[in-house]
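Student: The following file, model-v9.cif, comprises mmCIF, C-alpha atoms:
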data_upload
#
loop_
_atom_site.label_atom_id
_atom_site.label_comp_id
_atom_site.auth_asym_id
_atom_site.auth_seq_id
_atom_site.Cartn_x
_atom_site.Cartn_y
_atom_site.Cartn_z
CA VAL F 26 102.41 33.58 189.23
CA MET F 27 105.04 31.16 188.04
CA ALA F 28 105.87 31.26 184.33
CA LYS F 29 105.04 28.16 182.38
CA ILE F 30 108.10 26.03 181.60
CA LYS F 31 107.75 24.13 178.33
CA LEU F 32 108.63 20.45 178.14
CA THR F 33 110.19 20.73 174.69
CA SER F 34 110.84 23.30 171.96
CA LYS F 35 109.10 23.64 168.61
CA GLN F 36 112.06 22.24 166.66
CA TYR F 37 111.99 19.00 168.67
CA PHE F 38 108.22 18.55 168.89
CA ILE F 39 107.84 15.90 166.13
CA PRO F 40 110.84 13.79 167.29
CA PHE F 41 109.51 14.06 170.85
CA VAL F 42 106.08 12.75 169.82
CA LEU F 43 107.55 9.89 167.73
CA ILE F 44 109.94 8.74 170.44
CA THR F 45 107.30 9.04 173.17
CA SER F 46 105.06 6.65 171.20
CA LEU F 47 107.72 3.95 171.70
CA PHE F 48 107.33 4.15 175.49
CA PHE F 49 103.80 2.75 175.14
CA LEU F 50 105.13 -0.26 173.22
CA TRP F 51 107.70 -1.44 175.71
CA GLY F 52 105.39 -0.70 178.62
CA PHE F 53 102.91 -3.05 176.95
CA ALA F 54 105.57 -5.70 176.27
CA ARG F 55 106.91 -5.70 179.83
CA ALA F 56 103.47 -5.68 181.48
CA ILE F 57 102.29 -8.70 179.47
CA LEU F 58 104.89 -10.71 181.40
CA ASP F 59 103.02 -10.12 184.67
CA VAL F 60 99.85 -11.83 183.40
CA LEU F 61 101.75 -14.29 181.18
CA ASN F 62 103.45 -15.51 184.34
CA LYS F 63 100.18 -16.59 185.99
CA HIS F 64 98.74 -17.82 182.65
CA PHE F 65 101.61 -20.29 182.18
CA GLN F 66 101.25 -21.47 185.78
CA ASN F 67 97.64 -22.36 184.97
CA SER F 68 98.01 -23.73 181.44
CA LEU F 69 101.38 -25.51 181.80
CA ASP F 70 101.00 -26.50 185.50
CA ILE F 71 104.30 -24.96 186.65
CA SER F 72 105.29 -23.41 190.00
CA ILE F 73 105.87 -19.73 190.84
CA THR F 74 109.63 -20.36 190.82
CA GLN F 75 109.52 -22.02 187.39
CA SER F 76 107.31 -19.32 185.87
CA SER F 77 109.69 -16.64 187.16
CA LEU F 78 112.03 -17.76 184.36
CA ILE F 79 109.79 -15.63 182.10
CA GLN F 80 111.14 -12.50 183.81
CA VAL F 81 114.66 -13.90 184.22
CA THR F 82 114.97 -14.74 180.51
CA THR F 83 113.48 -11.49 179.22
CA TYR F 84 115.56 -9.27 181.48
CA PHE F 85 118.69 -11.36 180.88
CA GLY F 86 118.44 -9.92 177.35
CA TYR F 87 118.89 -6.46 178.92
CA LEU F 88 122.03 -7.58 180.76
CA ILE F 89 123.61 -9.18 177.67
CA MET F 90 122.67 -6.54 175.08
CA ALA F 91 122.78 -3.22 176.98
CA ILE F 92 126.47 -2.45 176.38
CA PRO F 93 126.44 -3.69 172.72
CA ALA F 94 123.32 -1.54 172.18
CA GLY F 95 125.07 1.53 173.59
CA TRP F 96 128.14 0.83 171.44
CA PHE F 97 125.95 0.45 168.33
CA ILE F 98 123.95 3.64 169.01
CA ASN F 99 127.13 5.63 169.74
CA ARG F 100 128.37 4.80 166.23
CA ASN F 101 125.15 4.67 164.20
CA GLY F 102 122.80 7.12 165.90
CA TYR F 103 119.49 7.02 167.75
CA ARG F 104 117.24 6.33 164.75
CA LEU F 105 119.02 3.15 163.65
CA GLY F 106 119.10 1.98 167.25
CA VAL F 107 115.32 2.35 167.41
CA VAL F 108 114.84 0.47 164.11
CA ILE F 109 117.05 -2.46 165.22
CA GLY F 110 115.18 -2.62 168.52
CA LEU F 111 111.80 -2.69 166.81
CA LEU F 112 112.93 -5.42 164.38
CA LEU F 113 114.17 -7.67 167.21
CA PHE F 114 111.00 -6.97 169.20
CA GLY F 115 108.74 -7.84 166.25
CA ILE F 116 110.65 -11.01 165.32
CA GLY F 117 110.61 -12.23 168.94
CA ALA F 118 106.84 -11.67 169.19
CA LEU F 119 106.12 -13.55 165.94
CA MET F 120 108.27 -16.46 167.16
CA PHE F 121 105.42 -17.31 169.54
CA ILE F 122 103.73 -18.98 166.54
CA PRO F 123 106.35 -21.77 166.13
CA CYS F 124 106.86 -21.88 169.92
CA ALA F 125 103.17 -22.74 170.40
CA ALA F 126 103.52 -25.54 167.84
CA MET F 127 106.47 -26.95 169.82
CA GLY F 128 104.34 -26.82 172.99
CA THR F 129 107.14 -26.52 175.55
CA PHE F 130 107.68 -23.79 178.13
CA PHE F 131 111.38 -23.43 177.30
CA ALA F 132 110.65 -22.68 173.63
CA TYR F 133 108.75 -19.56 174.70
CA LEU F 134 111.76 -18.43 176.73
CA ILE F 135 113.85 -18.15 173.53
CA ALA F 136 111.28 -15.81 171.98
CA LEU F 137 111.11 -13.74 175.19
CA PHE F 138 114.91 -13.42 175.24
CA ILE F 139 114.85 -11.98 171.70
CA ILE F 140 112.09 -9.56 172.71
CA GLY F 141 114.24 -8.48 175.68
CA CYS F 142 117.18 -7.80 173.35
CA GLY F 143 114.92 -5.63 171.19
CA LEU F 144 113.54 -3.71 174.17
CA VAL F 145 117.01 -2.81 175.43
CA PHE F 146 117.86 -1.24 172.05
CA LEU F 147 114.64 0.80 172.24
CA GLU F 148 115.16 1.94 175.81
CA THR F 149 118.88 2.68 175.41
CA SER F 150 117.98 4.91 172.45
CA ALA F 151 114.81 6.59 173.70
CA ASN F 152 115.48 7.34 177.38
CA PRO F 153 118.59 9.54 176.96
CA TYR F 154 117.28 10.98 173.67
CA VAL F 155 114.15 12.36 175.36
CA THR F 156 116.28 14.14 178.00
CA GLU F 157 118.05 16.00 175.16
CA LEU F 158 114.93 17.24 173.33
CA GLY F 159 114.54 20.56 175.10
CA ASN F 160 115.67 22.66 178.06
CA LYS F 161 118.06 20.90 180.47
CA GLU F 162 116.06 22.20 183.46
CA THR F 163 113.02 20.16 182.35
CA ALA F 164 114.90 17.00 181.27
CA THR F 165 113.64 14.94 184.22
CA SER F 166 110.09 16.26 183.83
CA ARG F 167 110.21 15.49 180.09
CA LEU F 168 111.36 11.92 180.65
CA ASN F 169 108.66 11.42 183.28
CA PHE F 170 106.04 12.65 180.79
CA SER F 171 107.24 10.21 178.10
CA GLN F 172 107.46 7.41 180.65
CA SER F 173 103.81 8.09 181.51
CA PHE F 174 102.93 6.46 178.19
CA ASN F 175 104.94 3.47 179.35
CA GLY F 176 102.45 3.30 182.23
CA LEU F 177 99.56 3.61 179.76
CA GLY F 178 100.93 0.64 177.79
CA SER F 179 101.28 -1.37 181.00
CA LEU F 180 97.72 -0.55 182.00
CA PHE F 181 96.32 -1.58 178.63
CA ALA F 182 98.33 -4.84 178.63
CA THR F 183 97.27 -6.00 182.09
CA PHE F 184 93.60 -5.22 181.47
CA ALA F 185 93.16 -6.38 177.85
CA ILE F 186 95.51 -9.36 177.98
CA GLY F 187 94.42 -10.26 181.52
CA GLN F 188 90.79 -10.44 180.39
CA PHE F 189 91.86 -12.48 177.36
CA PHE F 190 93.93 -15.01 179.33
CA PHE F 191 91.66 -15.32 182.36
CA ASN F 192 88.38 -15.66 180.47
CA GLY F 193 86.88 -18.38 182.65
CA THR F 194 87.93 -21.34 180.48
CA SER F 195 90.26 -24.02 181.80
CA GLU F 196 93.29 -22.93 179.72
CA GLY F 197 92.44 -19.29 178.99
CA GLY F 198 93.06 -17.48 175.70
CA ASP F 199 95.66 -18.59 173.17
CA VAL F 200 98.97 -16.85 173.95
CA VAL F 201 99.82 -16.71 170.22
CA VAL F 202 97.05 -14.19 169.43
CA PRO F 203 98.26 -11.09 171.33
CA TYR F 204 101.90 -11.69 170.43
CA THR F 205 101.13 -12.12 166.72
CA ILE F 206 99.16 -8.85 166.65
CA LEU F 207 101.92 -7.11 168.61
CA GLY F 208 104.66 -8.47 166.30
CA ILE F 209 102.92 -7.24 163.14
CA LEU F 210 102.25 -3.79 164.67
CA VAL F 211 105.86 -3.41 165.82
CA LEU F 212 107.29 -4.32 162.40
CA ILE F 213 105.03 -1.72 160.76
CA ILE F 214 106.33 0.91 163.22
CA ALA F 215 109.90 -0.19 162.38
CA ILE F 216 109.21 0.63 158.72
CA VAL F 217 107.92 4.09 159.73
CA PHE F 218 111.04 4.84 161.80
CA SER F 219 113.31 3.65 158.97
CA ARG F 220 111.79 6.41 156.81
CA VAL F 221 111.84 9.38 159.21
CA GLU F 222 114.69 11.69 160.13
CA LEU F 223 115.54 12.19 163.80
CA PRO F 224 118.00 14.97 164.72
CA GLU F 225 121.16 13.57 166.31
CA ILE F 226 122.37 15.35 169.47
CA LYS F 227 126.08 16.28 169.53
CA HIS F 228 128.07 17.05 172.70
CA GLU F 229 131.22 19.15 172.82
CA GLU F 230 134.43 17.28 173.56
CA THR F 231 135.76 17.80 177.09
CA ALA F 232 139.19 17.32 178.67
CA GLU F 233 137.83 14.16 180.28
CA ASP F 234 137.04 12.75 176.81
CA ARG F 235 140.72 13.09 175.86
CA SER F 236 141.95 11.33 179.01
CA SER F 237 143.04 7.69 179.00
CA GLY F 238 140.68 4.80 179.64
CA THR F 239 137.46 3.52 178.16
CA ARG F 240 134.20 5.43 178.55
CA ILE F 241 132.96 2.95 181.16
CA ILE F 242 136.20 3.25 183.19
CA LYS F 243 135.86 7.06 183.08
CA LEU F 244 132.31 6.80 184.42
CA PHE F 245 133.32 4.65 187.37
CA ARG F 246 136.49 6.66 188.04
CA HIS F 247 135.18 10.22 187.80
CA HIS F 248 131.42 10.09 188.45
CA PRO F 249 130.57 8.53 191.84
CA MET F 250 127.00 9.84 191.81
CA PHE F 251 126.42 8.09 188.50
CA VAL F 252 127.62 4.84 190.11
CA PHE F 253 125.29 5.41 193.06
CA GLY F 254 122.47 6.13 190.60
CA LEU F 255 123.25 2.91 188.73
CA PHE F 256 122.83 0.84 191.90
CA ALA F 257 119.75 2.82 192.93
CA LEU F 258 118.14 2.11 189.56
CA LEU F 259 118.98 -1.60 189.88
CA ALA F 260 117.43 -1.61 193.37
CA TYR F 261 114.29 0.08 192.03
CA GLU F 262 113.98 -2.42 189.16
CA ILE F 263 114.27 -5.33 191.61
CA ALA F 264 111.47 -3.82 193.71
CA GLU F 265 109.12 -2.69 190.94
CA ILE F 266 109.34 -5.71 188.62
CA SER F 267 109.20 -8.17 191.52
CA ILE F 268 106.02 -6.62 192.90
CA ASN F 269 104.37 -6.53 189.45
CA SER F 270 105.22 -10.16 188.77
CA TYR F 271 104.25 -11.33 192.26
CA PHE F 272 101.04 -9.31 192.53
CA ILE F 273 98.54 -11.81 191.07
CA ASN F 274 100.18 -14.73 192.86
CA PHE F 275 99.99 -12.83 196.17
CA VAL F 276 96.37 -11.67 196.10
CA THR F 277 95.05 -15.01 194.78
CA GLY F 278 97.24 -17.00 197.18
CA GLN F 279 95.83 -15.01 200.10
CA GLY F 280 92.35 -16.10 198.97
CA TRP F 281 91.12 -12.56 198.39
CA MET F 282 90.06 -13.01 194.73
CA ASP F 283 90.43 -15.13 191.57
CA ASP F 284 92.88 -14.59 188.69
CA ASN F 285 90.49 -12.44 186.65
CA ALA F 286 89.69 -10.08 189.54
CA ALA F 287 93.40 -9.93 190.41
CA SER F 288 94.30 -8.80 186.89
CA ILE F 289 91.65 -6.06 187.16
CA ILE F 290 93.07 -4.86 190.50
CA LEU F 291 96.57 -4.89 188.97
CA THR F 292 95.18 -2.73 186.17
CA LEU F 293 93.79 -0.33 188.79
CA ALA F 294 97.22 -0.21 190.45
CA LEU F 295 98.76 0.66 187.08
CA VAL F 296 96.23 3.49 186.74
CA PHE F 297 97.77 4.87 189.95
CA PHE F 298 101.20 4.32 188.39
CA MET F 299 100.30 6.22 185.20
CA VAL F 300 98.66 9.05 187.15
CA GLY F 301 101.76 9.22 189.34
CA ARG F 302 103.96 9.72 186.29
CA PHE F 303 101.82 12.44 184.72
CA LEU F 304 101.41 14.16 188.10
CA GLY F 305 105.13 13.79 188.85
CA SER F 306 106.05 15.29 185.47
CA TRP F 307 103.86 18.32 186.21
CA ILE F 308 105.18 18.75 189.78
CA MET F 309 108.82 18.47 188.69
CA ARG F 310 108.37 21.48 186.45
CA ARG F 311 108.09 23.32 189.78
CA VAL F 312 109.93 21.18 192.37
CA PRO F 313 113.50 19.85 192.04
CA ALA F 314 113.64 16.19 191.03
CA GLU F 315 115.81 15.27 194.04
CA ILE F 316 113.14 16.47 196.47
CA MET F 317 110.40 14.63 194.61
CA LEU F 318 112.41 11.41 194.61
CA LEU F 319 113.09 11.76 198.35
CA ILE F 320 109.38 12.14 199.14
CA CYS F 321 108.26 9.28 196.90
CA SER F 322 110.92 6.79 198.04
CA SER F 323 109.95 7.51 201.66
CA GLY F 324 106.33 6.73 200.74
CA SER F 325 107.30 3.42 199.12
CA VAL F 326 109.37 2.36 202.14
CA LEU F 327 106.38 3.02 204.41
CA CYS F 328 104.05 1.06 202.10
CA MET F 329 106.32 -2.01 202.16
CA ILE F 330 106.63 -1.88 205.95
CA PHE F 331 102.82 -1.76 206.11
CA VAL F 332 102.55 -4.85 203.85
CA LEU F 333 105.02 -6.77 206.02
CA PHE F 334 102.76 -6.24 209.05
CA ASP F 335 100.30 -8.56 207.22
CA LEU F 336 97.13 -6.59 207.91
CA GLY F 337 94.87 -8.46 205.50
CA LYS F 338 93.28 -6.45 202.71
CA LEU F 339 94.82 -3.26 204.15
CA SER F 340 98.09 -4.70 202.86
CA LEU F 341 96.54 -4.73 199.39
CA VAL F 342 95.70 -1.02 199.78
CA ALA F 343 99.33 -0.35 200.72
CA ILE F 344 100.60 -2.18 197.61
CA VAL F 345 98.27 -0.22 195.33
CA CYS F 346 99.33 3.07 196.97
CA ASN F 347 102.95 2.11 196.40
CA TYR F 348 102.32 2.25 192.64
CA LEU F 349 101.60 5.97 193.01
CA PHE F 350 104.82 6.59 194.94
CA GLU F 351 107.13 4.51 192.75
CA ALA F 352 105.82 5.91 189.45
CA ILE F 353 108.42 8.66 189.07
CA MET F 354 111.41 6.61 190.23
CA PHE F 355 112.77 5.06 187.03
CA PRO F 356 112.79 8.18 184.82
CA THR F 357 113.88 10.41 187.72
CA ILE F 358 116.81 8.23 188.80
CA PHE F 359 117.75 7.69 185.13
CA SER F 360 117.78 11.42 184.35
CA LEU F 361 119.57 12.43 187.57
CA ALA F 362 122.24 9.78 187.02
CA LEU F 363 122.97 11.21 183.55
CA ASN F 364 123.43 14.79 184.80
CA GLY F 365 126.70 16.38 183.66
CA LEU F 366 128.03 13.37 181.73
CA GLY F 367 128.32 15.02 178.28
CA ASN F 368 129.78 12.63 175.70
CA LEU F 369 129.67 9.81 178.24
CA LYS F 370 125.86 9.95 178.31
CA MET F 371 125.22 7.12 175.82
CA SER F 372 127.70 4.77 177.51
CA ALA F 373 126.13 5.66 180.86
CA SER F 374 122.68 5.01 179.42
CA SER F 375 123.71 1.54 178.22
CA LEU F 376 124.92 0.69 181.73
CA LEU F 377 121.68 2.00 183.24
CA MET F 378 119.72 -0.17 180.80
CA MET F 379 121.35 -3.29 182.26
CA THR F 380 119.37 -2.70 185.45
CA PRO F 381 116.12 -4.41 184.33
CA ILE F 382 118.02 -7.62 185.10
CA GLY F 383 116.65 -6.72 188.54
CA GLY F 384 113.49 -8.41 187.28
CA CYS F 385 115.24 -11.62 188.27
CA GLY F 386 114.48 -10.54 191.83
CA PHE F 387 111.09 -12.14 191.25
CA LEU F 388 112.90 -15.49 191.14
CA LEU F 389 114.11 -14.81 194.68
CA MET F 390 110.61 -13.76 195.76
CA GLY F 391 109.24 -16.99 194.26
CA ILE F 392 111.80 -19.13 196.10
CA VAL F 393 111.06 -17.36 199.41
CA ALA F 394 107.29 -17.69 198.85
CA ASP F 395 107.51 -21.38 197.98
CA ASN F 396 109.52 -22.06 201.15
CA THR F 397 107.95 -19.69 203.72
CA ASN F 398 104.72 -17.73 203.21
CA LEU F 399 103.35 -15.15 200.79
CA VAL F 400 104.14 -12.06 202.92
CA ILE F 401 107.83 -12.44 203.79
CA PRO F 402 109.03 -11.97 200.14
CA PHE F 403 108.07 -8.27 200.37
CA ILE F 404 111.24 -7.68 202.39
CA ILE F 405 113.08 -7.79 199.01
CA PRO F 406 111.36 -4.72 197.50
CA LEU F 407 111.62 -2.99 200.89
CA PHE F 408 115.43 -3.11 200.67
CA GLY F 409 115.24 -1.86 197.09
CA TYR F 410 113.25 1.24 198.03
CA VAL F 411 115.58 1.92 200.99
CA ILE F 412 118.53 2.15 198.55
CA VAL F 413 116.54 4.59 196.35
CA LEU F 414 115.81 6.63 199.48
CA LEU F 415 119.53 6.77 200.34
CA PHE F 416 120.36 7.92 196.77
CA ALA F 417 117.74 10.67 196.94
CA SER F 418 118.98 11.75 200.39
CA GLU F 419 122.59 11.96 199.19
CA LEU F 420 121.62 13.93 196.07
CA THR F 421 119.53 16.35 198.12
CA ARG F 422 122.39 16.86 200.59
CA LYS F 423 125.02 17.17 197.84
CA ASN F 424 122.97 19.56 195.73
CA GLY F 425 121.63 21.65 198.61
CA THR F 426 123.54 24.77 197.54
CA MET F 427 122.64 24.17 193.89
CA LEU F 428 118.95 23.88 194.77
CA ARG F 429 119.01 27.29 196.41
CA ARG F 430 120.34 28.74 193.15
CA ASN F 431 117.94 26.76 190.93
CA PRO F 432 115.43 29.13 189.24
CA ILE F 433 112.68 26.47 189.33
CA TRP F 434 113.22 25.97 193.07
CA ASN F 435 113.20 29.73 193.74
CA LYS F 436 109.98 30.15 191.75
CA PHE F 437 108.41 27.27 193.67
CA LYS F 438 109.33 28.83 197.02
CA SER F 439 107.98 32.24 195.98
#
Just give me the structure of the file as structure tokens.

Tutor:
Amino acid sequence: VMAKIKLTSKQYFIPFVLITSLFFLWGFARAILDVLNKHFQNSLDISITQSSLIQVTTYFGYLIMAIPAGWFINRNGYRLGVVIGLLLFGIGALMFIPCAAMGTFFAYLIALFIIGCGLVFLETSANPYVTELGNKETATSRLNFSQSFNGLGSLFATFAIGQFFFNGTSEGGDVVVPYTILGILVLIIAIVFSRVELPEIKHEETAEDRSSGTRIIKLFRHHPMFVFGLFALLAYEIAEISINSYFINFVTGQGWMDDNAASIILTLALVFFMVGRFLGSWIMRRVPAEIMLLICSSGSVLCMIFVLFDLGKLSLVAIVCNYLFEAIMFPTIFSLALNGLGNLKMSASSLLMMTPIGGCGFLLMGIVADNTNLVIPFIIPLFGYVIVLLFASELTRKNGTMLRRNPIWNKFKS
């Protein structure tokens, strides 16, 4: 019988719980965009391509602020990084009040950009921090567990906010209401984090740290698998965010259901996503992360090929199944890309947190959909999952000898 491997140690339990609670918040904030997209199409009479600016603007905040966030956290610590992120998040959400008074689509984009800047501070702090709060062998499993609450936040957002927006009236619910509640809640949590102590993780200085060049140059010069992981994570973000944002447009455009039913089906898909993360976290306490990523990326590639065959509602089944396969990808790629980076970990994390700019891939899907049909745009996420598959294949090949010496792998085989 295999011995139980703990996710975290007693000394890190409270910080682990506090940081994990943040994953719910940004899962909620990012998932709102997927129903907000369709809501603005209905209430402001804009096209899919125009509404995709919601994703473009929010995730542009990740691109602009990821490296400054990493620089700030390197110098001021994880806790202050979390507090700054929560403050920006809360202010951006409350800005929906004056934006609604202005009544223009572009005013909302400013508020969403500020929210995006706040989210990148949160994610740049929390993702690498969780990997440090316990045994290195369970770092990927630990991050998958925390990211499961990201899925829970996404599920709650698509169901609750979807029902609120698509309530059967001509314009739907007032967009100010959920964002005002969210803004107040986030600012309260910011006050809590400003009062608690989080242990800072220190890494020993290495010979590489004393070599010439900036941290980012060292990463690109000495860590090719990190660079591959960076592009794999970008490819995953393009695929995952594009599918989420396109989902309601696709199933309603095919005539299968109305907006309300589509938001419920999207919620069901996110149940698969959340279950996939919890299940993946449990499995990766027994199976090496590289193997798990290889299996899941293969599943996602097959699902996208199935969708492209345009088999009616069977295509919808394939999309929903894809949520189960893709669930472990972000935390697993993120954790694997950070392996062995030592003091370069925070700089690497800030680069990895630029990858949600892949959400702009929905703009490309919108353009393709507006000019061809609703099925062809799925070739974009297909390419994304193929790149993840190649990354997993290379890691599995490269670490083959290491896997045979891995105690978790040996216990799994026995």

Student: Taking the file above as input, evaluate the PyMOL selection byres ((chain F and resi 271) around 8) and report the hits as an NGL selection string.

Tutor: :F and (59 or 267-270 or 272-275 or 387 or 390-391)

Student: Pick out the closest residue to Phe218 of chain F from this set: F:Gly86, F:Gly384, F:Gly280, F:Gly106. Count all atoms listed in the file.

Tutor: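 The shortest atom-to-atom distance to Phe218 of chain F comes from F:Gly106.
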
Student: Applying 12 Å and only C-alpha atoms, which residues near Phe245 of chain F remain after dropping the ones on its own chain fewer than 2 positions away? List them as a list in words.

Tutor: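 With the cut-off at 12 Å, the set is Gly238, Thr239, Arg240, Ile241, Ile242, Lys243, His247, His248, Pro249, Met250, Phe251, Val252, Phe253, Gly254, Leu255, Leu366, Leu369, Ser372, Ala373 and Leu376 of chain F.
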
Student: What is the distance between atom CA of Ala125 of chain F and atom CA of Asp199 of chain F, in Å to one decimal?

Tutor: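 Those two atoms sit 9.0 Å apart.
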
Student: Please identify all polymer residues within 8 Å of Ala164 of chain F, counting all atoms listed in the file, omitting same-chain residues fewer than 6 positions from it, and present them as a list in words.

Tutor: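 Near neighbours after the sequence-gap exclusion: Leu32, Val155, Thr156, Glu157, Leu158 and Ser360 of chain F.
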
Student: Nearest residue to Ile122 of chain F out of F:Val60, F:Val200, F:Met379, F:Leu415, using all atoms listed in the file?

Tutor: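 The answer is F:Val200, which sits nearest to Ile122 of chain F.
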
Student: Just to confirm, what's the straight-line distance from atom CA of Ser77 of chain F to atom CA of Leu207 of chain F in Å (one decimal)?

Tutor: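 Separation of atom CA of Ser77 of chain F and atom CA of Leu207 of chain F: 22.3 Å.
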
Student: Select, from F:Ser418, F:Trp281, F:Ile289, F:Thr165, the residue with the minimum atom-to-atom distance to Phe355 of chain F, counting only C-alpha atoms.

Tutor: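 With only C-alpha atoms as the atom set, the closest residue is F:Thr165.
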